[in-house]
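**Student:** Sending over coords22.txt (compact mmCIF, C-alpha atoms).
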# COMPACT_ATOMS: atom_id res chain seq x y z
CA MET A 1 -3.80 18.98 43.64
CA ARG A 2 -5.66 19.84 40.44
CA PHE A 3 -8.64 22.12 39.90
CA LYS A 4 -10.11 24.48 37.29
CA LEU A 5 -10.43 28.24 37.74
CA PHE A 6 -12.15 30.32 35.03
CA GLY A 7 -11.45 27.55 32.50
CA THR A 8 -7.75 27.31 33.41
CA GLN A 9 -6.38 24.03 34.76
CA ILE A 10 -4.44 24.73 37.98
CA TYR A 11 -1.91 22.17 39.21
CA ILE A 12 -0.13 22.57 42.56
CA SER A 13 2.52 19.91 43.08
CA PHE A 14 2.96 18.22 46.45
CA PHE A 15 6.61 19.29 46.49
CA PHE A 16 5.67 22.93 45.86
CA SER A 17 3.27 22.85 48.82
CA ALA A 18 5.84 21.03 50.97
CA VAL A 19 8.62 23.51 50.13
CA ILE A 20 6.36 26.50 50.92
CA ALA A 21 5.16 24.92 54.19
CA LEU A 22 8.71 24.05 55.27
CA ALA A 23 10.04 27.48 54.35
CA LEU A 24 7.25 29.20 56.30
CA ALA A 25 7.90 26.94 59.29
CA VAL A 26 11.63 27.76 59.46
CA ASP A 27 11.41 31.43 58.41
CA ARG A 28 12.55 33.56 61.34
CA SER A 29 12.72 36.84 59.42
CA GLY A 30 9.01 37.10 58.69
CA LEU A 31 9.88 38.01 55.09
CA LEU A 32 8.81 34.83 53.33
CA LEU A 33 5.04 35.31 53.55
CA PRO A 34 5.06 38.92 52.22
CA THR A 35 7.55 37.84 49.52
CA PHE A 36 5.22 35.03 48.48
CA GLY A 37 2.35 37.56 48.42
CA ALA A 38 4.38 39.91 46.20
CA VAL A 39 5.14 37.02 43.81
CA VAL A 40 1.40 36.22 43.62
CA LEU A 41 0.68 39.90 42.78
CA HIS A 42 3.42 39.76 40.12
CA GLU A 43 1.92 36.66 38.48
CA ALA A 44 -1.58 38.18 38.73
CA GLY A 45 -0.30 41.11 36.64
CA HIS A 46 0.86 38.67 33.96
CA LEU A 47 -2.44 36.79 34.06
CA LEU A 48 -4.49 39.99 33.64
CA ALA A 49 -2.36 40.93 30.62
CA LEU A 50 -2.70 37.43 29.17
CA ASN A 51 -6.48 37.65 29.36
CA PHE A 52 -6.47 41.22 28.00
CA THR A 53 -4.41 40.22 24.94
CA GLY A 54 -6.51 37.12 24.22
CA CYS A 55 -3.71 34.71 25.19
CA ALA A 56 -5.46 33.29 28.24
CA PRO A 57 -3.57 30.35 29.76
CA THR A 58 -4.88 26.82 29.43
CA ALA A 59 -2.93 25.60 32.47
CA ILE A 60 -0.85 26.91 35.37
CA ARG A 61 1.57 24.59 37.17
CA LEU A 62 3.09 25.46 40.53
CA ILE A 63 6.22 23.40 41.03
CA PRO A 64 9.28 24.06 43.24
CA ALA A 65 11.18 27.20 42.12
CA SER A 66 8.88 27.82 39.17
CA VAL A 67 5.44 28.91 38.01
CA GLN A 68 4.76 27.43 34.57
CA ILE A 69 2.06 29.08 32.49
CA VAL A 70 0.88 27.05 29.48
CA ARG A 71 -0.65 29.34 26.89
CA PRO A 72 -0.92 29.93 23.16
CA PHE A 73 1.57 32.24 21.44
CA CYS A 74 0.38 35.81 21.00
CA LYS A 75 -0.29 36.98 17.49
CA LYS A 76 1.45 40.35 17.95
CA PRO A 77 5.03 40.75 19.26
CA THR A 78 3.87 43.82 21.18
CA ASP A 79 1.51 41.57 23.19
CA GLU A 80 4.48 39.53 24.48
CA THR A 81 6.14 42.76 25.63
CA LEU A 82 2.94 43.94 27.32
CA ILE A 83 2.54 40.62 29.14
CA ALA A 84 6.15 40.75 30.36
CA VAL A 85 5.84 44.38 31.51
CA CYS A 86 2.62 43.82 33.47
CA GLY A 87 4.24 41.57 36.12
CA PRO A 88 6.78 44.17 37.36
CA LEU A 89 4.24 46.95 36.78
CA SER A 90 1.85 45.20 39.16
CA ASN A 91 4.61 45.10 41.82
CA PHE A 92 5.41 48.80 41.33
CA LEU A 93 1.74 49.81 41.59
CA PHE A 94 1.27 47.81 44.78
CA SER A 95 4.53 49.20 46.15
CA ILE A 96 3.15 52.73 45.71
CA LEU A 97 -0.22 51.69 47.18
CA PHE A 98 1.40 50.23 50.31
CA VAL A 99 3.55 53.35 50.79
CA VAL A 100 0.39 55.46 50.67
CA LEU A 101 -1.32 53.13 53.16
CA TRP A 102 1.80 53.17 55.37
CA ARG A 103 1.77 56.98 55.50
CA GLY A 104 -1.78 56.80 56.82
CA THR A 105 -1.15 54.10 59.43
CA ASP A 106 2.62 54.06 60.22
CA SER A 107 2.51 50.25 60.00
CA PHE A 108 6.01 48.88 59.44
CA ALA A 109 4.52 45.73 57.85
CA LEU A 110 3.01 47.84 55.04
CA LEU A 111 6.32 49.60 54.41
CA ARG A 112 8.14 46.25 54.32
CA PHE A 113 5.58 44.82 51.87
CA SER A 114 6.00 47.92 49.70
CA PHE A 115 9.79 47.45 49.66
CA ILE A 116 9.51 43.73 48.82
CA ASN A 117 7.22 44.52 45.87
CA LEU A 118 9.69 47.14 44.66
CA ILE A 119 12.64 44.70 44.85
CA ILE A 120 10.73 41.91 43.05
CA GLY A 121 9.66 44.34 40.31
CA ILE A 122 13.22 45.60 39.78
CA PHE A 123 14.74 42.10 39.91
CA ASN A 124 12.34 40.81 37.26
CA LEU A 125 13.30 43.66 34.93
CA LEU A 126 16.92 42.48 34.76
CA PRO A 127 17.77 41.72 31.10
CA VAL A 128 18.38 38.04 31.79
CA ALA A 129 16.90 34.94 30.14
CA GLY A 130 13.93 33.62 32.12
CA LEU A 131 13.06 37.01 33.63
CA ASP A 132 10.61 39.60 32.30
CA GLY A 133 13.45 41.99 31.42
CA GLY A 134 14.96 39.26 29.25
CA ILE A 135 11.65 38.77 27.41
CA ILE A 136 11.26 42.53 26.88
CA LEU A 137 14.83 42.81 25.56
CA LEU A 138 14.40 39.76 23.32
CA CYS A 139 11.21 41.20 21.80
CA PHE A 140 13.09 44.45 21.11
CA LEU A 141 16.14 42.70 19.63
CA GLU A 142 14.03 40.47 17.36
CA ARG A 143 12.65 43.59 15.67
CA HIS A 144 16.16 44.64 14.67
CA PHE A 145 18.12 41.38 14.32
CA THR A 146 17.51 37.78 13.32
CA PRO A 147 16.00 35.62 16.09
CA LEU A 148 19.30 33.67 16.31
CA LYS A 149 21.37 36.84 16.90
CA ALA A 150 18.82 38.15 19.40
CA VAL A 151 18.93 34.92 21.42
CA PHE A 152 22.75 34.87 21.27
CA PHE A 153 22.97 38.44 22.59
CA LEU A 154 20.55 37.73 25.44
CA ARG A 155 22.41 34.52 26.34
CA VAL A 156 25.74 36.40 26.49
CA LEU A 157 24.16 39.14 28.63
CA SER A 158 22.74 36.49 30.97
CA PHE A 159 26.22 34.99 31.42
CA VAL A 160 27.60 38.49 32.11
CA PHE A 161 25.06 38.91 34.92
CA SER A 162 25.93 35.43 36.15
CA ALA A 163 29.65 36.32 36.23
CA ALA A 164 28.86 39.58 38.07
CA ALA A 165 26.82 37.74 40.74
CA LEU A 166 29.60 35.15 41.09
CA THR A 167 32.23 37.90 41.48
CA VAL A 168 30.23 39.67 44.19
CA GLY A 169 29.72 36.34 45.96
CA MET A 170 33.47 35.65 45.86
CA LEU A 171 34.26 39.13 47.20
CA TYR A 172 31.94 38.56 50.16
CA LEU A 173 33.52 35.14 50.70
CA PHE A 174 37.06 36.59 50.76
CA LYS A 175 35.92 39.18 53.31
CA GLY A 176 34.70 36.36 55.54
CA GLN A 177 31.04 37.25 55.00
CA ALA A 178 29.80 34.29 52.97
CA ASN A 179 26.52 35.08 51.21
CA PRO A 180 25.17 32.07 49.29
CA SER A 181 22.43 34.13 47.61
CA PHE A 182 24.92 35.55 45.07
CA PHE A 183 26.14 32.04 44.17
CA LEU A 184 22.52 30.90 43.77
CA LEU A 185 21.83 33.92 41.54
CA ALA A 186 24.88 33.10 39.40
CA LEU A 187 23.68 29.50 39.06
CA TYR A 188 20.12 30.61 38.24
CA PHE A 189 21.25 33.10 35.56
CA SER A 190 23.50 30.48 33.96
CA LEU A 191 20.86 27.73 33.99
CA THR A 192 18.14 29.97 32.52
CA ALA A 193 20.54 31.09 29.77
CA LEU A 194 21.15 27.45 28.89
CA LEU A 195 17.69 25.94 29.41
CA LYS A 196 15.12 28.68 28.76
CA MET A 197 16.30 29.66 25.30
For this file, produce the structure as structure tokens.

**Tutor:**
Amino acid sequence: MRFKLFGTQIYISFFFSAVIALALAVDRSGLLLPTFGAVVLHEAGHLLALNFTGCAPTAIRLIPASVQIVRPFCKKPTDETLIAVCGPLSNFLFSILFVVLWRGTDSFALLRFSFINLIIGIFNLLPVAGLDGGIILLCFLERHFTPLKAVFFLRVLSFVFSAAALTVGMLYLFKGQANPSFFLLALYFSLTALLKM
């Protein structure tokens, strides 16, 4: 499906829609829908910053496991940092908002949504390639080192996080409590270190 919104070409792939629909259909925890909502708020924070800095996207593609934003490069390095910060910042602000609303209503759903926003904000600040924390760190490193050294350092750090996730996954496995999420994290951190830089 393709359409234009405020001059930006939006593309939602069939597979993206199918994966979301299937995941919602089999989700027994009730966490997927609020998690998807928190991801939308996160991306909205980036989009607001993109428009504020004059780097408005020309296209947004929603494909399985990724949101691709096609946009021009920002003229100032500080703009890239601001854009990266605004995604997690959006999650943190909404986390606070939903805690305030929860205190007024005692709705467990609001507290859960607040917690999910907090987790997504923190996760995206990890200094790993492909995440906002990686972009922030790379912008910082490029001010002090050559771009090649900065990318090398971030790639090594990404592999360190990958090894840590793999180790935790193995520890759970040896205890008889297999948790595939740590193995998926290790794979994701490794792939982004190789492909996104």

**Student:** Excluding Ala23 in chain A and any residue of its chain fewer than 4 positions from it, enumerate the residues within 12 Å of it, using all atoms listed in the file, and give them as a list in words.

**Tutor:**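 Non-adjacent residues within range: Phe15, Phe16, Ser17, Ala18, Val19, Asp27, Arg28, Ser29, Gly30, Leu31, Leu32, Leu33, Thr35, Phe36 and Pro64 of chain A.
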
**Student:** Output C-alpha atoms of each residue in that selection to a file, as an mmCIF file, in the frame of the given file.

**Tutor:**
data_model
loop_
_atom_site.group_PDB
_atom_site.id
_atom_site.type_symbol
_atom_site.label_atom_id
_atom_site.label_comp_id
_atom_site.auth_asym_id
_atom_site.auth_seq_id
_atom_site.Cartn_x
_atom_site.Cartn_y
_atom_site.Cartn_z
ATOM 1 C CA PHE A 15 6.610 19.290 46.490
ATOM 2 C CA PHE A 16 5.670 22.930 45.860
ATOM 3 C CA SER A 17 3.270 22.850 48.820
ATOM 4 C CA ALA A 18 5.840 21.030 50.970
ATOM 5 C CA VAL A 19 8.620 23.510 50.130
ATOM 6 C CA ASP A 27 11.410 31.430 58.410
ATOM 7 C CA ARG A 28 12.550 33.560 61.340
ATOM 8 C CA SER A 29 12.720 36.840 59.420
ATOM 9 C CA GLY A 30 9.010 37.100 58.690
ATOM 10 C CA LEU A 31 9.880 38.010 55.090
ATOM 11 C CA LEU A 32 8.810 34.830 53.330
ATOM 12 C CA LEU A 33 5.040 35.310 53.550
ATOM 13 C CA THR A 35 7.550 37.840 49.520
ATOM 14 C CA PHE A 36 5.220 35.030 48.480
ATOM 15 C CA PRO A 64 9.280 24.060 43.240
#

**Student:** In Å, how far is it from CA of Pro72 in chain A to CA of Cys139 in chain A?

**Tutor:** 16.6 Å

**Student:** Go through A:Ser95, A:Gln177, A:Thr53, A:Ser190 and flag the residue nearest Asp79 in chain A, using all atoms listed in the file for the distances.

**Tutor:**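 Once distances to Asp79 in chain A are computed over all atoms listed in the file, the minimum belongs to A:Thr53.
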
**Student:** So which one's closest to Ser158 in chain A, A:Gly176, A:Gly104, A:Gly133, A:Pro127? Using only C-alpha atoms, please.

**Tutor:**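 For Ser158 in chain A, the nearest of the candidates is A:Pro127.
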
**Student:** Nearest to Thr81 in chain A: which of A:Ala49, A:Ala193, A:Leu171, A:Ile122 is it, counting all atoms listed in the file?

**Tutor:** A:Ala49

**Student:** Residues at most 9 Å from Ala59 in chain A, counting all atoms listed in the file, excluding those fewer than 6 positions away in the same chain, as a list in words?

**Tutor:**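 Skipping anything fewer than 6 positions along the chain leaves Lys4, Gly7, Thr8, Gln9, Ile10, Tyr11, Gln68, Ile69, Val70 and Arg71 of chain A.
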
**Student:** For Arg143 in chain A, find every residue with an atom within 12 Å (counting all atoms listed in the file), except residues of its own chain fewer than 4 positions away, and show them as a list of chain:residue names.

**Tutor:**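 With the cut-off at 12 Å, the set is A:Lys76, A:Pro77, A:Thr78, A:Thr81, A:Ile136, A:Leu137, A:Leu138, A:Cys139, A:Pro147, A:Leu148, A:Lys149, A:Ala150.
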
**Student:** Which residues, written as an MDAnalysis selection string, have at least one atom at most 7 Å from Leu50 in chain A, with all atoms listed in the file counted and residues fewer than 5 positions away on the same chain left out?

**Tutor:** chainID A and resid 55:56 83

**Student:** One number please: CA of Phe52 in chain A to CA of Phe73 in chain A, in Å, one decimal.

**Tutor:**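 If I compute the distance from CA of Phe52 in chain A to CA of Phe73 in chain A, I get 13.7 Å.
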
**Student:** Could you jot down the CA of Ile135 in chain A to CA of Leu62 in chain A separation for me, Å, one decimal place?

**Tutor:**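 Spanning CA of Ile135 in chain A to CA of Leu62 in chain A is a straight-line distance of 20.6 Å.
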
**Student:** At most 7 Å is the cut-off: for each residue in range 94-194 of chain A with any atom that close to an atom of range 84-90 of chain A, write down the nearest atom pair and the distance in Å rounded to one decimal, counting only C-alpha atoms, chain first then increasing number, as JSON lines.

**Tutor:**
{"residue": "A:Phe94", "atom": "CA", "partner": "A:Ser90", "partner_atom": "CA", "distance": 6.2}
{"residue": "A:Gly121", "atom": "CA", "partner": "A:Pro88", "partner_atom": "CA", "distance": 4.1}
{"residue": "A:Asn124", "atom": "CA", "partner": "A:Pro88", "partner_atom": "CA", "distance": 6.5}
{"residue": "A:Leu125", "atom": "CA", "partner": "A:Pro88", "partner_atom": "CA", "distance": 7.0}
{"residue": "A:Asp132", "atom": "CA", "partner": "A:Ala84", "partner_atom": "CA", "distance": 5.0}
{"residue": "A:Ile135", "atom": "CA", "partner": "A:Ala84", "partner_atom": "CA", "distance": 6.5}
{"residue": "A:Ile136", "atom": "CA", "partner": "A:Ala84", "partner_atom": "CA", "distance": 6.4}

**Student:** Which protein, DNA or RNA residues are at most 8 Å from (4.5, 45.7, 50.3) in the file's coordinates when you count all atoms listed in the file, listed as a list in words?

**Tutor:** Pro34, Ala38, Phe94, Ser95, Phe98, Val99, Ala109, Leu110, Leu111, Arg112, Phe113, Ser114, Phe115, Ile116, Asn117 and Leu118 of chain A

**Student:** From the set A:Ala21, A:Ala165, A:Leu194, A:Leu5, which residue has the shortest atom-to-atom contact distance to Thr58 in chain A, counting all atoms listed in the file?

**Tutor:**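 Comparing A:Ala21, A:Ala165, A:Leu194, A:Leu5 against Thr58 in chain A, the winner is A:Leu5.
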
**Student:** Tell me which protein, DNA and RNA residues are within 8 Å of Ala178 in chain A, counting all atoms listed in the file, leaving out same-chain ones fewer than 5 positions away, and put them as a list in words.

**Tutor:** Gly169, Tyr172 and Leu173 of chain A

**Student:** Would you mind telling me which residue in A:Ile96, A:Val39, A:Leu191, A:Leu47 lies nearest to Leu82 in chain A when using only C-alpha atoms?

**Tutor:**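 Of the candidates, the smallest distance to Leu82 in chain A is held by A:Leu47.
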
**Student:** Dump range 46-176 of chain A with C-alpha atoms to a file, as a PDB file, in the first residue's frame.

**Tutor:**
ATOM      1  CA  HIS A  46      12.128  11.119  15.245  1.00  0.00           C
ATOM      2  CA  LEU A  47       9.773  12.508  12.592  1.00  0.00           C
ATOM      3  CA  LEU A  48       9.073  15.674  14.614  1.00  0.00           C
ATOM      4  CA  ALA A  49      12.822  16.228  15.015  1.00  0.00           C
ATOM      5  CA  LEU A  50      13.408  15.593  11.303  1.00  0.00           C
ATOM      6  CA  ASN A  51      10.863  18.261  10.385  1.00  0.00           C
ATOM      7  CA  PHE A  52      12.223  20.652  13.040  1.00  0.00           C
ATOM      8  CA  THR A  53      15.796  20.366  11.688  1.00  0.00           C
ATOM      9  CA  GLY A  54      14.728  20.766   8.059  1.00  0.00           C
ATOM     10  CA  CYS A  55      15.560  17.155   7.164  1.00  0.00           C
ATOM     11  CA  ALA A  56      11.983  16.092   6.472  1.00  0.00           C
ATOM     12  CA  PRO A  57      11.768  12.573   5.026  1.00  0.00           C
ATOM     13  CA  THR A  58      10.875  12.010   1.405  1.00  0.00           C
ATOM     14  CA  ALA A  59       9.687   8.447   2.038  1.00  0.00           C
ATOM     15  CA  ILE A  60       8.913   6.052   4.890  1.00  0.00           C
ATOM     16  CA  ARG A  61       8.870   2.300   4.257  1.00  0.00           C
ATOM     17  CA  LEU A  62       7.358  -0.154   6.713  1.00  0.00           C
ATOM     18  CA  ILE A  63       8.789  -3.593   6.061  1.00  0.00           C
ATOM     19  CA  PRO A  64       9.108  -6.615   8.387  1.00  0.00           C
ATOM     20  CA  ALA A  65      11.458  -5.887  11.334  1.00  0.00           C
ATOM     21  CA  SER A  66      12.299  -2.396  10.098  1.00  0.00           C
ATOM     22  CA  VAL A  67      11.086   1.158   9.556  1.00  0.00           C
ATOM     23  CA  GLN A  68      13.151   2.773   6.798  1.00  0.00           C
ATOM     24  CA  ILE A  69      13.156   6.557   6.659  1.00  0.00           C
ATOM     25  CA  VAL A  70      14.528   8.037   3.418  1.00  0.00           C
ATOM     26  CA  ARG A  71      15.737  11.567   4.012  1.00  0.00           C
ATOM     27  CA  PRO A  72      18.474  14.027   3.097  1.00  0.00           C
ATOM     28  CA  PHE A  73      21.580  14.278   5.272  1.00  0.00           C
ATOM     29  CA  CYS A  74      21.470  17.020   7.886  1.00  0.00           C
ATOM     30  CA  LYS A  75      23.833  19.922   7.432  1.00  0.00           C
ATOM     31  CA  LYS A  76      24.889  20.024  11.099  1.00  0.00           C
ATOM     32  CA  PRO A  77      26.210  17.002  13.041  1.00  0.00           C
ATOM     33  CA  THR A  78      24.273  18.229  16.077  1.00  0.00           C
ATOM     34  CA  ASP A  79      21.033  17.767  14.093  1.00  0.00           C
ATOM     35  CA  GLU A  80      21.761  14.029  13.687  1.00  0.00           C
ATOM     36  CA  THR A  81      22.229  13.765  17.461  1.00  0.00           C
ATOM     37  CA  LEU A  82      18.998  15.674  18.113  1.00  0.00           C
ATOM     38  CA  ILE A  83      17.053  13.426  15.730  1.00  0.00           C
ATOM     39  CA  ALA A  84      18.440  10.298  17.413  1.00  0.00           C
ATOM     40  CA  VAL A  85      17.687  11.603  20.924  1.00  0.00           C
ATOM     41  CA  CYS A  86      14.080  12.554  20.141  1.00  0.00           C
ATOM     42  CA  GLY A  87      12.889   8.946  19.629  1.00  0.00           C
ATOM     43  CA  PRO A  88      13.795   7.719  23.146  1.00  0.00           C
ATOM     44  CA  LEU A  89      12.865  11.124  24.588  1.00  0.00           C
ATOM     45  CA  SER A  90       9.363  10.711  23.170  1.00  0.00           C
ATOM     46  CA  ASN A  91       9.083   7.309  24.906  1.00  0.00           C
ATOM     47  CA  PHE A  92      10.291   8.744  28.228  1.00  0.00           C
ATOM     48  CA  LEU A  93       7.838  11.662  28.070  1.00  0.00           C
ATOM     49  CA  PHE A  94       4.921   9.350  27.314  1.00  0.00           C
ATOM     50  CA  SER A  95       6.084   6.985  30.048  1.00  0.00           C
ATOM     51  CA  ILE A  96       5.848   9.841  32.562  1.00  0.00           C
ATOM     52  CA  LEU A  97       2.485  10.945  31.131  1.00  0.00           C
ATOM     53  CA  PHE A  98       0.997   7.449  31.487  1.00  0.00           C
ATOM     54  CA  VAL A  99       2.281   7.139  35.071  1.00  0.00           C
ATOM     55  CA  VAL A 100       0.540  10.426  35.897  1.00  0.00           C
ATOM     56  CA  LEU A 101      -2.664   9.207  34.217  1.00  0.00           C
ATOM     57  CA  TRP A 102      -2.357   5.849  36.027  1.00  0.00           C
ATOM     58  CA  ARG A 103      -2.136   7.587  39.410  1.00  0.00           C
ATOM     59  CA  GLY A 104      -5.423   9.299  38.626  1.00  0.00           C
ATOM     60  CA  THR A 105      -7.260   6.197  37.391  1.00  0.00           C
ATOM     61  CA  ASP A 106      -5.459   3.105  38.824  1.00  0.00           C
ATOM     62  CA  SER A 107      -5.699   1.512  35.359  1.00  0.00           C
ATOM     63  CA  PHE A 108      -3.160  -1.299  35.043  1.00  0.00           C
ATOM     64  CA  ALA A 109      -3.178  -0.881  31.238  1.00  0.00           C
ATOM     65  CA  LEU A 110      -1.805   2.674  31.600  1.00  0.00           C
ATOM     66  CA  LEU A 111       0.946   1.503  33.953  1.00  0.00           C
ATOM     67  CA  ARG A 112       1.875  -1.301  31.546  1.00  0.00           C
ATOM     68  CA  PHE A 113       1.990   1.135  28.603  1.00  0.00           C
ATOM     69  CA  SER A 114       4.201   3.450  30.666  1.00  0.00           C
ATOM     70  CA  PHE A 115       6.599   0.584  31.423  1.00  0.00           C
ATOM     71  CA  ILE A 116       6.734  -0.517  27.768  1.00  0.00           C
ATOM     72  CA  ASN A 117       7.597   3.042  26.676  1.00  0.00           C
ATOM     73  CA  LEU A 118      10.338   3.175  29.309  1.00  0.00           C
ATOM     74  CA  ILE A 119      11.851  -0.147  28.149  1.00  0.00           C
ATOM     75  CA  ILE A 120      11.766   0.849  24.454  1.00  0.00           C
ATOM     76  CA  GLY A 121      13.391   4.199  25.260  1.00  0.00           C
ATOM     77  CA  ILE A 122      16.180   2.565  27.288  1.00  0.00           C
ATOM     78  CA  PHE A 123      16.742  -0.217  24.735  1.00  0.00           C
ATOM     79  CA  ASN A 124      17.118   2.286  21.888  1.00  0.00           C
ATOM     80  CA  LEU A 125      19.771   4.191  23.847  1.00  0.00           C
ATOM     81  CA  LEU A 126      22.108   1.176  23.883  1.00  0.00           C
ATOM     82  CA  PRO A 127      25.379   2.179  22.155  1.00  0.00           C
ATOM     83  CA  VAL A 128      24.914  -0.352  19.364  1.00  0.00           C
ATOM     84  CA  ALA A 129      24.951   0.119  15.582  1.00  0.00           C
ATOM     85  CA  GLY A 130      21.429   0.532  14.208  1.00  0.00           C
ATOM     86  CA  LEU A 131      20.018   1.936  17.466  1.00  0.00           C
ATOM     87  CA  ASP A 132      19.702   5.578  18.494  1.00  0.00           C
ATOM     88  CA  GLY A 133      22.396   5.174  21.160  1.00  0.00           C
ATOM     89  CA  GLY A 134      24.781   3.990  18.444  1.00  0.00           C
ATOM     90  CA  ILE A 135      24.025   7.067  16.320  1.00  0.00           C
ATOM     91  CA  ILE A 136      24.525   9.389  19.307  1.00  0.00           C
ATOM     92  CA  LEU A 137      27.837   7.712  20.190  1.00  0.00           C
ATOM     93  CA  LEU A 138      29.005   7.774  16.562  1.00  0.00           C
ATOM     94  CA  CYS A 139      28.256  11.511  16.285  1.00  0.00           C
ATOM     95  CA  PHE A 140      30.265  12.076  19.475  1.00  0.00           C
ATOM     96  CA  LEU A 141      33.193   9.900  18.343  1.00  0.00           C
ATOM     97  CA  GLU A 142      33.380  11.546  14.912  1.00  0.00           C
ATOM     98  CA  ARG A 143      34.072  14.882  16.609  1.00  0.00           C
ATOM     99  CA  HIS A 144      37.173  13.436  18.265  1.00  0.00           C
ATOM    100  CA  PHE A 145      38.401  10.717  15.881  1.00  0.00           C
ATOM    101  CA  THR A 146      38.460   9.988  12.169  1.00  0.00           C
ATOM    102  CA  PRO A 147      35.185   8.560  10.810  1.00  0.00           C
ATOM    103  CA  LEU A 148      36.943   5.206  10.201  1.00  0.00           C
ATOM    104  CA  LYS A 149      38.098   4.922  13.843  1.00  0.00           C
ATOM    105  CA  ALA A 150      34.678   6.004  15.105  1.00  0.00           C
ATOM    106  CA  VAL A 151      32.913   3.329  13.034  1.00  0.00           C
ATOM    107  CA  PHE A 152      35.459   0.696  14.127  1.00  0.00           C
ATOM    108  CA  PHE A 153      34.912   1.510  17.814  1.00  0.00           C
ATOM    109  CA  LEU A 154      31.123   1.361  17.461  1.00  0.00           C
ATOM    110  CA  ARG A 155      31.346  -1.932  15.551  1.00  0.00           C
ATOM    111  CA  VAL A 156      33.517  -3.473  18.293  1.00  0.00           C
ATOM    112  CA  LEU A 157      31.118  -2.213  20.978  1.00  0.00           C
ATOM    113  CA  SER A 158      28.188  -3.715  19.059  1.00  0.00           C
ATOM    114  CA  PHE A 159      29.928  -7.104  18.985  1.00  0.00           C
ATOM    115  CA  VAL A 160      30.602  -6.797  22.745  1.00  0.00           C
ATOM    116  CA  PHE A 161      26.861  -6.315  23.343  1.00  0.00           C
ATOM    117  CA  SER A 162      26.168  -9.216  20.999  1.00  0.00           C
ATOM    118  CA  ALA A 163      28.561 -11.454  22.964  1.00  0.00           C
ATOM    119  CA  ALA A 164      26.940 -10.347  26.254  1.00  0.00           C
ATOM    120  CA  ALA A 165      23.440 -11.203  24.971  1.00  0.00           C
ATOM    121  CA  LEU A 166      24.707 -14.560  23.684  1.00  0.00           C
ATOM    122  CA  THR A 167      26.334 -15.331  27.058  1.00  0.00           C
ATOM    123  CA  VAL A 168      23.141 -14.534  28.975  1.00  0.00           C
ATOM    124  CA  GLY A 169      21.167 -16.686  26.536  1.00  0.00           C
ATOM    125  CA  MET A 170      23.581 -19.596  27.061  1.00  0.00           C
ATOM    126  CA  LEU A 171      23.367 -19.233  30.853  1.00  0.00           C
ATOM    127  CA  TYR A 172      19.578 -19.443  30.697  1.00  0.00           C
ATOM    128  CA  LEU A 173      19.865 -22.450  28.385  1.00  0.00           C
ATOM    129  CA  PHE A 174      22.209 -24.290  30.779  1.00  0.00           C
ATOM    130  CA  LYS A 175      19.759 -23.630  33.622  1.00  0.00           C
ATOM    131  CA  GLY A 176      17.026 -25.292  31.572  1.00  0.00           C
TER     132      GLY A 176
END
